[in-house]
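One structure is given here, and the rest of the page talks about it.
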Protein chains: 2
Amino acid sequence: MKIGELASATGTRAETVRYYEKIGLLAPPARTSGNYRSYGGEHLARLSFIRRARDLGFTIETVRELLALSDDRTRSCEAVDGIARMHLAEVDRKIADLMALRGELGRVIDTCSHGTVADCKIIEALAPHSHG
Amino acid sequence: MKIGELASATGTRAETVRYYEKIGLLAPPARTSGNYRSYGGEHLARLSFIRRARDLGFTIETVRELLALSDDRTRSCEAVDGIARMHLAEVDRKIADLMALRGELGRVIDTCSHGTVADCKIIEALAPHSHG
DNA sequence: ATGCACCCTGTAGGAACTACAAGGTCAAGC
DNA sequence: GCTTGACCTTGTAGTTCCTACAGGGTGCAT
């Protein structure tokens, strides 16, 4: 499996795959006689995991931790659980922030009277506010 | 008004103010005899606008557009409204993604909390997806 | 005159990629 | 057998939005 195939199989770009290899997240694969990277099922599984975790908002460093945990099967689930919990809290914060933002943005848009910029409420809403 | 005062009046850092000047978002102010930046009400208003728009999640480039639009007072509000609506849609999408993530993390924690190592499903939870 | 808080410029770093540039490999088509 | 074009290689620099120095200058109080 060449890098392009691996990339499209996992929804990644070839550049990103090489980047993951460079930062030590994905093991360097064997090479063909023409010096092309040659991937197998192990790499596919691993990269799928990485992609999915990244999509779920885990940082590269957290993904590294999770991979280390999954590699060491003797370890308890507690560490994994802890990481997940930390992320859950973070995700909850992000959701709350975005909901507040959404409300404000929605209000701003609702006030738009579709006139000229001179009396655009959106611009007004962005204009100077007291700030501490 | 010196840079530090402007910064604290708008909830920004001095470095960020200089950065905004460097990328052409904020006009260079007059200088004192000692070469300090000297800001007036115009700068305060504009930086407040920038800060608020950034807090609402608009990118620097979008803020630039909004500033350009707001400078042309006779222009129709339509473009401004469109930008805000597009941004709102983006925020909605992010919220949806985060809600999905939240559910997944919750499930992982739930599974982990009453199980042994063998039962830990976090790795499986992040296992390969089909990618087309 | 001596601190000290603040200001100046310029550059490097950080997170996680992304986009070249300049060249090598390979299968297909003529 | 040779060309075309898609793909691969390495390396480096750019992206976004700042943040953090380093190494110096200014202004005010003691």
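Residue numbering restarts at 1 for every chain of the structure tokens, chains are lettered A, B, ... in their displayed order, and ligands are numbered from 1 as they appear.
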
Could you do a least-squares fit of chain B on chain A over every C-alpha atom, in sequence order, and give the output as an mmCIF file with N, CA and C atoms, in the first residue's frame?
data_model
loop_
_atom_site.group_PDB
_atom_site.id
_atom_site.type_symbol
_atom_site.label_atom_id
_atom_site.label_comp_id
_atom_site.auth_asym_id
_atom_site.auth_seq_id
_atom_site.Cartn_x
_atom_site.Cartn_y
_atom_site.Cartn_z
ATOM 1 N N MET B 1 1.608 -2.550 0.756
ATOM 2 C CA MET B 1 0.712 -1.404 0.643
ATOM 3 C C MET B 1 1.529 -0.110 0.522
ATOM 4 N N LYS B 2 1.313 0.619 -0.557
ATOM 5 C CA LYS B 2 2.049 1.859 -0.756
ATOM 6 C C LYS B 2 1.377 3.001 -0.003
ATOM 7 N N ILE B 3 2.063 4.109 0.091
ATOM 8 C CA ILE B 3 1.562 5.229 0.891
ATOM 9 C C ILE B 3 0.199 5.745 0.417
ATOM 10 N N GLY B 4 -0.003 5.773 -0.867
ATOM 11 C CA GLY B 4 -1.258 6.263 -1.411
ATOM 12 C C GLY B 4 -2.424 5.363 -1.030
ATOM 13 N N GLU B 5 -2.175 4.044 -1.050
ATOM 14 C CA GLU B 5 -3.213 3.087 -0.673
ATOM 15 C C GLU B 5 -3.547 3.247 0.805
ATOM 16 N N LEU B 6 -2.491 3.315 1.624
ATOM 17 C CA LEU B 6 -2.702 3.503 3.055
ATOM 18 C C LEU B 6 -3.488 4.783 3.306
ATOM 19 N N ALA B 7 -3.110 5.819 2.598
ATOM 20 C CA ALA B 7 -3.769 7.108 2.771
ATOM 21 C C ALA B 7 -5.257 7.007 2.449
ATOM 22 N N SER B 8 -5.588 6.436 1.291
ATOM 23 C CA SER B 8 -7.007 6.396 0.933
ATOM 24 C C SER B 8 -7.773 5.412 1.812
ATOM 25 N N ALA B 9 -7.088 4.386 2.322
ATOM 26 C CA ALA B 9 -7.746 3.424 3.207
ATOM 27 C C ALA B 9 -8.100 4.050 4.555
ATOM 28 N N THR B 10 -7.437 5.116 4.895
ATOM 29 C CA THR B 10 -7.660 5.723 6.207
ATOM 30 C C THR B 10 -8.232 7.139 6.110
ATOM 31 N N GLY B 11 -8.469 7.586 4.897
ATOM 32 C CA GLY B 11 -9.002 8.930 4.745
ATOM 33 C C GLY B 11 -7.988 10.009 5.072
ATOM 34 N N THR B 12 -6.744 9.747 4.703
ATOM 35 C CA THR B 12 -5.647 10.677 4.987
ATOM 36 C C THR B 12 -5.006 11.044 3.652
ATOM 37 N N ARG B 13 -4.077 11.970 3.678
ATOM 38 C CA ARG B 13 -3.327 12.270 2.478
ATOM 39 C C ARG B 13 -1.916 11.736 2.654
ATOM 40 N N ALA B 14 -1.296 11.416 1.552
ATOM 41 C CA ALA B 14 0.059 10.878 1.596
ATOM 42 C C ALA B 14 0.999 11.828 2.335
ATOM 43 N N GLU B 15 0.858 13.116 2.081
ATOM 44 C CA GLU B 15 1.702 14.115 2.744
ATOM 45 C C GLU B 15 1.538 14.048 4.256
ATOM 46 N N THR B 16 0.310 13.839 4.670
ATOM 47 C CA THR B 16 0.015 13.793 6.101
ATOM 48 C C THR B 16 0.621 12.542 6.726
ATOM 49 N N VAL B 17 0.592 11.440 5.998
ATOM 50 C CA VAL B 17 1.200 10.205 6.487
ATOM 51 C C VAL B 17 2.701 10.426 6.691
ATOM 52 N N ARG B 18 3.334 11.016 5.701
ATOM 53 C CA ARG B 18 4.770 11.302 5.825
ATOM 54 C C ARG B 18 5.026 12.263 6.977
ATOM 55 N N TYR B 19 4.127 13.211 7.138
ATOM 56 C CA TYR B 19 4.240 14.158 8.248
ATOM 57 C C TYR B 19 4.161 13.430 9.586
ATOM 58 N N TYR B 20 3.222 12.516 9.719
ATOM 59 C CA TYR B 20 3.084 11.751 10.961
ATOM 60 C C TYR B 20 4.339 10.929 11.229
ATOM 61 N N GLU B 21 4.934 10.427 10.176
ATOM 62 C CA GLU B 21 6.184 9.673 10.344
ATOM 63 C C GLU B 21 7.286 10.610 10.834
ATOM 64 N N LYS B 22 7.334 11.768 10.238
ATOM 65 C CA LYS B 22 8.374 12.739 10.577
ATOM 66 C C LYS B 22 8.311 13.171 12.032
ATOM 67 N N ILE B 23 7.103 13.335 12.559
ATOM 68 C CA ILE B 23 6.983 13.773 13.953
ATOM 69 C C ILE B 23 6.924 12.589 14.916
ATOM 70 N N GLY B 24 7.167 11.391 14.384
ATOM 71 C CA GLY B 24 7.275 10.220 15.251
ATOM 72 C C GLY B 24 5.967 9.653 15.744
ATOM 73 N N LEU B 25 4.887 9.927 15.038
ATOM 74 C CA LEU B 25 3.580 9.409 15.459
ATOM 75 C C LEU B 25 3.330 8.046 14.818
ATOM 76 N N LEU B 26 3.893 7.860 13.655
ATOM 77 C CA LEU B 26 3.734 6.614 12.917
ATOM 78 C C LEU B 26 5.139 6.072 12.635
ATOM 79 N N ALA B 27 5.358 4.791 12.963
ATOM 80 C CA ALA B 27 6.682 4.192 12.773
ATOM 81 C C ALA B 27 7.059 4.155 11.299
ATOM 82 N N PRO B 28 8.343 4.381 10.985
ATOM 83 C CA PRO B 28 8.794 4.291 9.593
ATOM 84 C C PRO B 28 8.604 2.861 9.099
ATOM 85 N N PRO B 29 8.018 2.681 7.940
ATOM 86 C CA PRO B 29 7.779 1.343 7.402
ATOM 87 C C PRO B 29 8.997 0.823 6.656
ATOM 88 N N ALA B 30 8.929 -0.426 6.239
ATOM 89 C CA ALA B 30 9.977 -0.991 5.375
ATOM 90 C C ALA B 30 9.920 -0.262 4.034
ATOM 91 N N ARG B 31 11.009 -0.432 3.259
ATOM 92 C CA ARG B 31 11.028 0.183 1.939
ATOM 93 C C ARG B 31 11.161 -0.904 0.865
ATOM 94 N N THR B 32 10.615 -0.619 -0.292
ATOM 95 C CA THR B 32 10.779 -1.534 -1.426
ATOM 96 C C THR B 32 12.151 -1.274 -2.049
ATOM 97 N N SER B 33 12.497 -2.079 -3.032
ATOM 98 C CA SER B 33 13.783 -1.892 -3.720
ATOM 99 C C SER B 33 13.825 -0.516 -4.388
ATOM 100 N N GLY B 34 12.671 -0.029 -4.756
ATOM 101 C CA GLY B 34 12.622 1.282 -5.402
ATOM 102 C C GLY B 34 12.489 2.430 -4.407
ATOM 103 N N ASN B 35 12.683 2.130 -3.108
ATOM 104 C CA ASN B 35 12.639 3.108 -2.024
ATOM 105 C C ASN B 35 11.233 3.631 -1.711
ATOM 106 N N TYR B 36 10.232 2.884 -2.106
ATOM 107 C CA TYR B 36 8.858 3.258 -1.752
ATOM 108 C C TYR B 36 8.567 2.750 -0.351
ATOM 109 N N ARG B 37 7.762 3.509 0.392
ATOM 110 C CA ARG B 37 7.318 3.039 1.709
ATOM 111 C C ARG B 37 6.367 1.861 1.527
ATOM 112 N N SER B 38 6.570 0.820 2.355
ATOM 113 C CA SER B 38 5.738 -0.379 2.247
ATOM 114 C C SER B 38 5.068 -0.673 3.592
ATOM 115 N N TYR B 39 3.758 -0.460 3.640
ATOM 116 C CA TYR B 39 3.021 -0.575 4.902
ATOM 117 C C TYR B 39 2.299 -1.906 5.043
ATOM 118 N N GLY B 40 2.096 -2.333 6.304
ATOM 119 C CA GLY B 40 1.351 -3.559 6.593
ATOM 120 C C GLY B 40 0.149 -3.252 7.475
ATOM 121 N N GLY B 41 -0.458 -4.321 7.990
ATOM 122 C CA GLY B 41 -1.667 -4.195 8.805
ATOM 123 C C GLY B 41 -1.470 -3.368 10.067
ATOM 124 N N GLU B 42 -0.299 -3.504 10.675
ATOM 125 C CA GLU B 42 0.010 -2.737 11.884
ATOM 126 C C GLU B 42 -0.102 -1.239 11.640
ATOM 127 N N HIS B 43 0.490 -0.832 10.544
ATOM 128 C CA HIS B 43 0.450 0.583 10.202
ATOM 129 C C HIS B 43 -0.974 1.047 9.921
ATOM 130 N N LEU B 44 -1.697 0.204 9.242
ATOM 131 C CA LEU B 44 -3.077 0.542 8.923
ATOM 132 C C LEU B 44 -3.881 0.759 10.205
ATOM 133 N N ALA B 45 -3.705 -0.159 11.154
ATOM 134 C CA ALA B 45 -4.430 -0.071 12.421
ATOM 135 C C ALA B 45 -4.059 1.203 13.174
ATOM 136 N N ARG B 46 -2.771 1.450 13.229
ATOM 137 C CA ARG B 46 -2.307 2.605 13.992
ATOM 138 C C ARG B 46 -2.744 3.923 13.359
ATOM 139 N N LEU B 47 -2.652 3.988 12.055
ATOM 140 C CA LEU B 47 -3.055 5.222 11.383
ATOM 141 C C LEU B 47 -4.563 5.423 11.491
ATOM 142 N N SER B 48 -5.313 4.340 11.461
ATOM 143 C CA SER B 48 -6.761 4.452 11.646
ATOM 144 C C SER B 48 -7.069 5.042 13.012
ATOM 145 N N PHE B 49 -6.365 4.538 14.000
ATOM 146 C CA PHE B 49 -6.522 5.036 15.365
ATOM 147 C C PHE B 49 -6.241 6.542 15.418
ATOM 148 N N ILE B 50 -5.117 6.916 14.831
ATOM 149 C CA ILE B 50 -4.720 8.326 14.819
ATOM 150 C C ILE B 50 -5.781 9.191 14.145
ATOM 151 N N ARG B 51 -6.218 8.757 12.978
ATOM 152 C CA ARG B 51 -7.200 9.521 12.219
ATOM 153 C C ARG B 51 -8.487 9.719 13.009
ATOM 154 N N ARG B 52 -8.935 8.627 13.608
ATOM 155 C CA ARG B 52 -10.200 8.667 14.335
ATOM 156 C C ARG B 52 -10.088 9.588 15.549
ATOM 157 N N ALA B 53 -8.973 9.466 16.254
ATOM 158 C CA ALA B 53 -8.766 10.327 17.415
ATOM 159 C C ALA B 53 -8.700 11.796 16.980
ATOM 160 N N ARG B 54 -8.040 12.046 15.862
ATOM 161 C CA ARG B 54 -7.942 13.415 15.355
ATOM 162 C C ARG B 54 -9.317 13.928 14.951
ATOM 163 N N ASP B 55 -10.113 13.054 14.330
ATOM 164 C CA ASP B 55 -11.465 13.455 13.943
ATOM 165 C C ASP B 55 -12.286 13.812 15.172
ATOM 166 N N LEU B 56 -12.002 13.141 16.279
ATOM 167 C CA LEU B 56 -12.727 13.436 17.518
ATOM 168 C C LEU B 56 -12.168 14.690 18.194
ATOM 169 N N GLY B 57 -11.181 15.300 17.566
ATOM 170 C CA GLY B 57 -10.679 16.575 18.056
ATOM 171 C C GLY B 57 -9.520 16.505 19.027
ATOM 172 N N PHE B 58 -8.953 15.311 19.219
ATOM 173 C CA PHE B 58 -7.791 15.208 20.099
ATOM 174 C C PHE B 58 -6.592 15.823 19.396
ATOM 175 N N THR B 59 -5.754 16.538 20.159
ATOM 176 C CA THR B 59 -4.565 17.114 19.540
ATOM 177 C C THR B 59 -3.560 15.996 19.270
ATOM 178 N N ILE B 60 -2.576 16.313 18.448
ATOM 179 C CA ILE B 60 -1.528 15.358 18.120
ATOM 180 C C ILE B 60 -0.863 14.860 19.404
ATOM 181 N N GLU B 61 -0.584 15.775 20.312
ATOM 182 C CA GLU B 61 0.097 15.383 21.555
ATOM 183 C C GLU B 61 -0.776 14.449 22.388
ATOM 184 N N THR B 62 -2.063 14.692 22.388
ATOM 185 C CA THR B 62 -2.976 13.821 23.128
ATOM 186 C C THR B 62 -3.052 12.454 22.468
ATOM 187 N N VAL B 63 -3.051 12.453 21.146
ATOM 188 C CA VAL B 63 -3.057 11.189 20.424
ATOM 189 C C VAL B 63 -1.799 10.394 20.789
ATOM 190 N N ARG B 64 -0.691 11.094 20.892
ATOM 191 C CA ARG B 64 0.561 10.448 21.266
ATOM 192 C C ARG B 64 0.409 9.779 22.645
ATOM 193 N N GLU B 65 -0.183 10.516 23.577
ATOM 194 C CA GLU B 65 -0.420 9.963 24.918
ATOM 195 C C GLU B 65 -1.322 8.737 24.855
ATOM 196 N N LEU B 66 -2.405 8.878 24.099
ATOM 197 C CA LEU B 66 -3.359 7.778 23.994
ATOM 198 C C LEU B 66 -2.705 6.537 23.399
ATOM 199 N N LEU B 67 -1.842 6.751 22.425
ATOM 200 C CA LEU B 67 -1.143 5.624 21.802
ATOM 201 C C LEU B 67 -0.208 4.965 22.813
ATOM 202 N N ALA B 68 0.490 5.793 23.572
ATOM 203 C CA ALA B 68 1.400 5.262 24.585
ATOM 204 C C ALA B 68 0.610 4.473 25.623
ATOM 205 N N LEU B 69 -0.526 5.021 26.038
ATOM 206 C CA LEU B 69 -1.371 4.357 27.031
ATOM 207 C C LEU B 69 -1.915 3.034 26.485
ATOM 208 N N SER B 70 -2.305 3.063 25.225
ATOM 209 C CA SER B 70 -2.906 1.857 24.651
ATOM 210 C C SER B 70 -1.875 0.766 24.410
ATOM 211 N N ASP B 71 -0.624 1.169 24.352
ATOM 212 C CA ASP B 71 0.432 0.169 24.156
ATOM 213 C C ASP B 71 0.694 -0.631 25.431
ATOM 214 N N ASP B 72 0.396 -0.014 26.577
ATOM 215 C CA ASP B 72 0.596 -0.706 27.847
ATOM 216 C C ASP B 72 -0.737 -1.331 28.272
ATOM 217 N N ARG B 73 -0.948 -2.550 27.839
ATOM 218 C CA ARG B 73 -2.238 -3.216 27.999
ATOM 219 C C ARG B 73 -2.620 -3.483 29.459
ATOM 220 N N THR B 74 -1.635 -3.575 30.332
ATOM 221 C CA THR B 74 -1.922 -3.930 31.720
ATOM 222 C C THR B 74 -2.296 -2.709 32.554
ATOM 223 N N ARG B 75 -2.074 -1.543 31.974
ATOM 224 C CA ARG B 75 -2.335 -0.322 32.707
ATOM 225 C C ARG B 75 -3.835 -0.107 32.946
ATOM 226 N N SER B 76 -4.146 0.637 33.978
ATOM 227 C CA SER B 76 -5.547 0.945 34.262
ATOM 228 C C SER B 76 -6.108 1.913 33.229
ATOM 229 N N CYS B 77 -7.361 1.816 33.032
ATOM 230 C CA CYS B 77 -8.038 2.624 32.018
ATOM 231 C C CYS B 77 -8.267 4.070 32.489
ATOM 232 N N GLU B 78 -7.975 4.318 33.730
ATOM 233 C CA GLU B 78 -8.284 5.615 34.337
ATOM 234 C C GLU B 78 -7.734 6.825 33.575
ATOM 235 N N ALA B 79 -6.472 6.722 33.211
ATOM 236 C CA ALA B 79 -5.832 7.838 32.522
ATOM 237 C C ALA B 79 -6.526 8.117 31.201
ATOM 238 N N VAL B 80 -6.864 7.049 30.497
ATOM 239 C CA VAL B 80 -7.537 7.187 29.213
ATOM 240 C C VAL B 80 -8.889 7.867 29.412
ATOM 241 N N ASP B 81 -9.606 7.388 30.415
ATOM 242 C CA ASP B 81 -10.915 7.955 30.733
ATOM 243 C C ASP B 81 -10.788 9.445 31.072
ATOM 244 N N GLY B 82 -9.771 9.763 31.851
ATOM 245 C CA GLY B 82 -9.550 11.154 32.249
ATOM 246 C C GLY B 82 -9.302 12.050 31.053
ATOM 247 N N ILE B 83 -8.473 11.592 30.147
ATOM 248 C CA ILE B 83 -8.178 12.380 28.951
ATOM 249 C C ILE B 83 -9.455 12.617 28.151
ATOM 250 N N ALA B 84 -10.233 11.568 27.984
ATOM 251 C CA ALA B 84 -11.473 11.684 27.213
ATOM 252 C C ALA B 84 -12.443 12.655 27.887
ATOM 253 N N ARG B 85 -12.524 12.569 29.211
ATOM 254 C CA ARG B 85 -13.436 13.454 29.937
ATOM 255 C C ARG B 85 -12.999 14.908 29.851
ATOM 256 N N MET B 86 -11.716 15.141 29.953
ATOM 257 C CA MET B 86 -11.218 16.501 29.828
ATOM 258 C C MET B 86 -11.559 17.064 28.456
ATOM 259 N N HIS B 87 -11.393 16.195 27.474
ATOM 260 C CA HIS B 87 -11.688 16.632 26.113
ATOM 261 C C HIS B 87 -13.173 16.943 25.949
ATOM 262 N N LEU B 88 -13.988 16.129 26.554
ATOM 263 C CA LEU B 88 -15.433 16.350 26.487
ATOM 264 C C LEU B 88 -15.795 17.712 27.088
ATOM 265 N N ALA B 89 -15.163 18.033 28.209
ATOM 266 C CA ALA B 89 -15.435 19.313 28.862
ATOM 267 C C ALA B 89 -15.045 20.468 27.930
ATOM 268 N N GLU B 90 -13.938 20.286 27.237
ATOM 269 C CA GLU B 90 -13.470 21.306 26.308
ATOM 270 C C GLU B 90 -14.469 21.493 25.158
ATOM 271 N N VAL B 91 -14.964 20.396 24.662
ATOM 272 C CA VAL B 91 -15.947 20.448 23.583
ATOM 273 C C VAL B 91 -17.202 21.170 24.063
ATOM 274 N N ASP B 92 -17.622 20.875 25.280
ATOM 275 C CA ASP B 92 -18.807 21.527 25.841
ATOM 276 C C ASP B 92 -18.608 23.038 25.933
ATOM 277 N N ARG B 93 -17.409 23.421 26.341
ATOM 278 C CA ARG B 93 -17.112 24.838 26.461
ATOM 279 C C ARG B 93 -17.185 25.527 25.101
ATOM 280 N N LYS B 94 -16.614 24.863 24.094
ATOM 281 C CA LYS B 94 -16.644 25.429 22.745
ATOM 282 C C LYS B 94 -18.065 25.575 22.241
ATOM 283 N N ILE B 95 -18.879 24.573 22.524
ATOM 284 C CA ILE B 95 -20.279 24.635 22.082
ATOM 285 C C ILE B 95 -20.965 25.836 22.729
ATOM 286 N N ALA B 96 -20.724 26.025 24.020
ATOM 287 C CA ALA B 96 -21.340 27.152 24.725
ATOM 288 C C ALA B 96 -20.915 28.476 24.100
ATOM 289 N N ASP B 97 -19.619 28.599 23.804
ATOM 290 C CA ASP B 97 -19.112 29.826 23.175
ATOM 291 C C ASP B 97 -19.800 30.068 21.840
ATOM 292 N N LEU B 98 -19.927 29.001 21.074
ATOM 293 C CA LEU B 98 -20.512 29.151 19.747
ATOM 294 C C LEU B 98 -21.990 29.504 19.822
ATOM 295 N N MET B 99 -22.665 28.966 20.836
ATOM 296 C CA MET B 99 -24.076 29.301 21.001
ATOM 297 C C MET B 99 -24.216 30.797 21.310
ATOM 298 N N ALA B 100 -23.327 31.309 22.156
ATOM 299 C CA ALA B 100 -23.355 32.736 22.483
ATOM 300 C C ALA B 100 -23.110 33.556 21.219
ATOM 301 N N LEU B 101 -22.121 33.132 20.448
ATOM 302 C CA LEU B 101 -21.810 33.812 19.191
ATOM 303 C C LEU B 101 -23.004 33.790 18.252
ATOM 304 N N ARG B 102 -23.646 32.641 18.195
ATOM 305 C CA ARG B 102 -24.801 32.474 17.329
ATOM 306 C C ARG B 102 -25.891 33.480 17.676
ATOM 307 N N GLY B 103 -26.148 33.597 18.975
ATOM 308 C CA GLY B 103 -27.170 34.529 19.436
ATOM 309 C C GLY B 103 -26.853 35.956 19.042
ATOM 310 N N GLU B 104 -25.592 36.307 19.216
ATOM 311 C CA GLU B 104 -25.149 37.665 18.909
ATOM 312 C C GLU B 104 -25.283 37.971 17.420
ATOM 313 N N LEU B 105 -24.855 37.031 16.603
ATOM 314 C CA LEU B 105 -24.947 37.229 15.153
ATOM 315 C C LEU B 105 -26.405 37.313 14.713
ATOM 316 N N GLY B 106 -27.226 36.471 15.312
ATOM 317 C CA GLY B 106 -28.646 36.488 14.982
ATOM 318 C C GLY B 106 -29.258 37.844 15.293
ATOM 319 N N ARG B 107 -28.882 38.387 16.434
ATOM 320 C CA ARG B 107 -29.397 39.681 16.846
ATOM 321 C C ARG B 107 -28.957 40.781 15.873
ATOM 322 N N VAL B 108 -27.672 40.704 15.477
ATOM 323 C CA VAL B 108 -27.128 41.673 14.529
ATOM 324 C C VAL B 108 -27.894 41.637 13.213
ATOM 325 N N ILE B 109 -28.120 40.435 12.717
ATOM 326 C CA ILE B 109 -28.827 40.291 11.441
ATOM 327 C C ILE B 109 -30.256 40.811 11.564
ATOM 328 N N ASP B 110 -30.870 40.489 12.682
ATOM 329 C CA ASP B 110 -32.240 40.913 12.931
ATOM 330 C C ASP B 110 -32.340 42.431 12.930
ATOM 331 N N THR B 111 -31.410 43.059 13.647
ATOM 332 C CA THR B 111 -31.390 44.515 13.731
ATOM 333 C C THR B 111 -31.154 45.129 12.359
ATOM 334 N N CYS B 112 -30.208 44.552 11.647
ATOM 335 C CA CYS B 112 -29.818 45.071 10.337
ATOM 336 C C CYS B 112 -30.943 44.956 9.320
ATOM 337 N N SER B 113 -31.679 43.840 9.389
ATOM 338 C CA SER B 113 -32.632 43.527 8.319
ATOM 339 C C SER B 113 -33.767 44.541 8.219
ATOM 340 N N HIS B 114 -34.232 45.056 9.347
ATOM 341 C CA HIS B 114 -35.236 46.112 9.197
ATOM 342 C C HIS B 114 -34.757 47.435 9.763
ATOM 343 N N GLY B 115 -33.703 47.938 9.149
ATOM 344 C CA GLY B 115 -33.206 49.230 9.593
ATOM 345 C C GLY B 115 -32.445 49.929 8.500
ATOM 346 N N THR B 116 -32.177 51.186 8.706
ATOM 347 C CA THR B 116 -31.364 51.938 7.764
ATOM 348 C C THR B 116 -29.916 51.881 8.236
ATOM 349 N N VAL B 117 -29.065 52.621 7.538
ATOM 350 C CA VAL B 117 -27.657 52.644 7.892
ATOM 351 C C VAL B 117 -27.476 53.102 9.342
ATOM 352 N N ALA B 118 -28.224 54.144 9.677
ATOM 353 C CA ALA B 118 -28.100 54.715 11.012
ATOM 354 C C ALA B 118 -28.485 53.728 12.102
ATOM 355 N N ASP B 119 -29.344 52.793 11.735
ATOM 356 C CA ASP B 119 -29.834 51.842 12.718
ATOM 357 C C ASP B 119 -28.959 50.601 12.855
ATOM 358 N N CYS B 120 -28.030 50.431 11.932
ATOM 359 C CA CYS B 120 -27.205 49.234 11.959
ATOM 360 C C CYS B 120 -26.400 49.175 13.247
ATOM 361 N N LYS B 121 -26.609 48.083 13.969
ATOM 362 C CA LYS B 121 -26.008 47.981 15.299
ATOM 363 C C LYS B 121 -24.811 47.035 15.362
ATOM 364 N N ILE B 122 -24.370 46.568 14.172
ATOM 365 C CA ILE B 122 -23.311 45.553 14.251
ATOM 366 C C ILE B 122 -22.049 46.110 14.889
ATOM 367 N N ILE B 123 -21.705 47.324 14.537
ATOM 368 C CA ILE B 123 -20.495 47.895 15.115
ATOM 369 C C ILE B 123 -20.669 48.093 16.617
ATOM 370 N N GLU B 124 -21.825 48.591 16.983
ATOM 371 C CA GLU B 124 -22.113 48.756 18.409
ATOM 372 C C GLU B 124 -22.129 47.407 19.129
ATOM 373 N N ALA B 125 -22.644 46.413 18.418
ATOM 374 C CA ALA B 125 -22.723 45.085 19.022
ATOM 375 C C ALA B 125 -21.336 44.584 19.406
ATOM 376 N N LEU B 126 -20.354 45.060 18.682
ATOM 377 C CA LEU B 126 -18.982 44.622 18.945
ATOM 378 C C LEU B 126 -18.174 45.716 19.644
ATOM 379 N N ALA B 127 -18.861 46.655 20.210
ATOM 380 C CA ALA B 127 -18.199 47.763 20.899
ATOM 381 C C ALA B 127 -17.539 47.311 22.203
ATOM 382 N N PRO B 128 -16.680 48.214 22.742
ATOM 383 C CA PRO B 128 -15.890 47.888 23.931
ATOM 384 C C PRO B 128 -16.635 47.166 25.043
ATOM 385 N N HIS B 129 -15.946 46.309 25.659
ATOM 386 C CA HIS B 129 -16.339 45.503 26.792
ATOM 387 C C HIS B 129 -15.479 45.972 27.941
ATOM 388 N N SER B 130 -15.890 45.717 29.131
ATOM 389 C CA SER B 130 -14.962 46.012 30.229
ATOM 390 C C SER B 130 -13.990 44.854 30.364
ATOM 391 N N HIS B 131 -12.781 45.181 30.563
ATOM 392 C CA HIS B 131 -11.718 44.187 30.716
ATOM 393 C C HIS B 131 -10.853 44.576 31.880
ATOM 394 N N GLY B 132 -10.999 43.872 32.912
ATOM 395 C CA GLY B 132 -10.347 44.231 33.961
ATOM 396 C C GLY B 132 -9.297 44.553 34.712
#

Requested in this report: Starting from chain C, keep only residues with some atom at most 9 Å from an atom of chain B, counting only C-alpha atoms (C1' of nucleotides), and report them as a list in words.
Outcome: DC6, DC7 and DC8 of chain C

With chain B as the partner and 9 Å as the cut-off, tabulate the residues of chain D that qualify, each row holding the nearest pair of atoms and their distance in Å to one decimal, using only C-alpha atoms (C1' of nucleotides), sorted by chain and rising number, as JSON lines.
{"residue": "D:DT16", "atom": "C1'", "partner": "B:Ile60", "partner_atom": "CA", "distance": 8.8}
{"residue": "D:DC17", "atom": "C1'", "partner": "B:Ile60", "partner_atom": "CA", "distance": 8.3}
{"residue": "D:DC18", "atom": "C1'", "partner": "B:Thr16", "partner_atom": "CA", "distance": 6.7}
{"residue": "D:DT19", "atom": "C1'", "partner": "B:Glu15", "partner_atom": "CA", "distance": 7.9}
{"residue": "D:DG25", "atom": "C1'", "partner": "B:Gly34", "partner_atom": "CA", "distance": 8.5}
{"residue": "D:DT26", "atom": "C1'", "partner": "B:Gly34", "partner_atom": "CA", "distance": 6.2}

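Atom C1' of C:DC26 to atom C1' of D:DT4 spans 11.7 Å [interatomic distance, one decimal].
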
**Report entry** Between atom C1' of C:DT2 and atom C1' of D:DA20, distance in Å (one decimal)
**Finding:**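 Result for atom C1' of C:DT2 versus atom C1' of D:DA20: 28.1 Å, one decimal.
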
Query raised in the report: Suppose you want the space between atom C1' of D:DT9 and atom C1' of C:DA27; what is it in Å?
Result: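 A separation of 18.0 Å between them.
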
Query raised in the report: Please, which residues of stretch 15-132 of chain A, numbered as in this document, come out strand (DSSP E or B) from DSSP, as a list in words?
Result: Ala30, Arg31, Arg37, Ser38 and Thr116 of chain A

Requested in this report: Please report, as number ranges by chain, each residue of chain A to which DSSP assigns alpha helix (DSSP H) when run on this structure's backbone.
Outcome: A: 3-10, 14-22, 41-55, 60-71, 77-110, 121-126
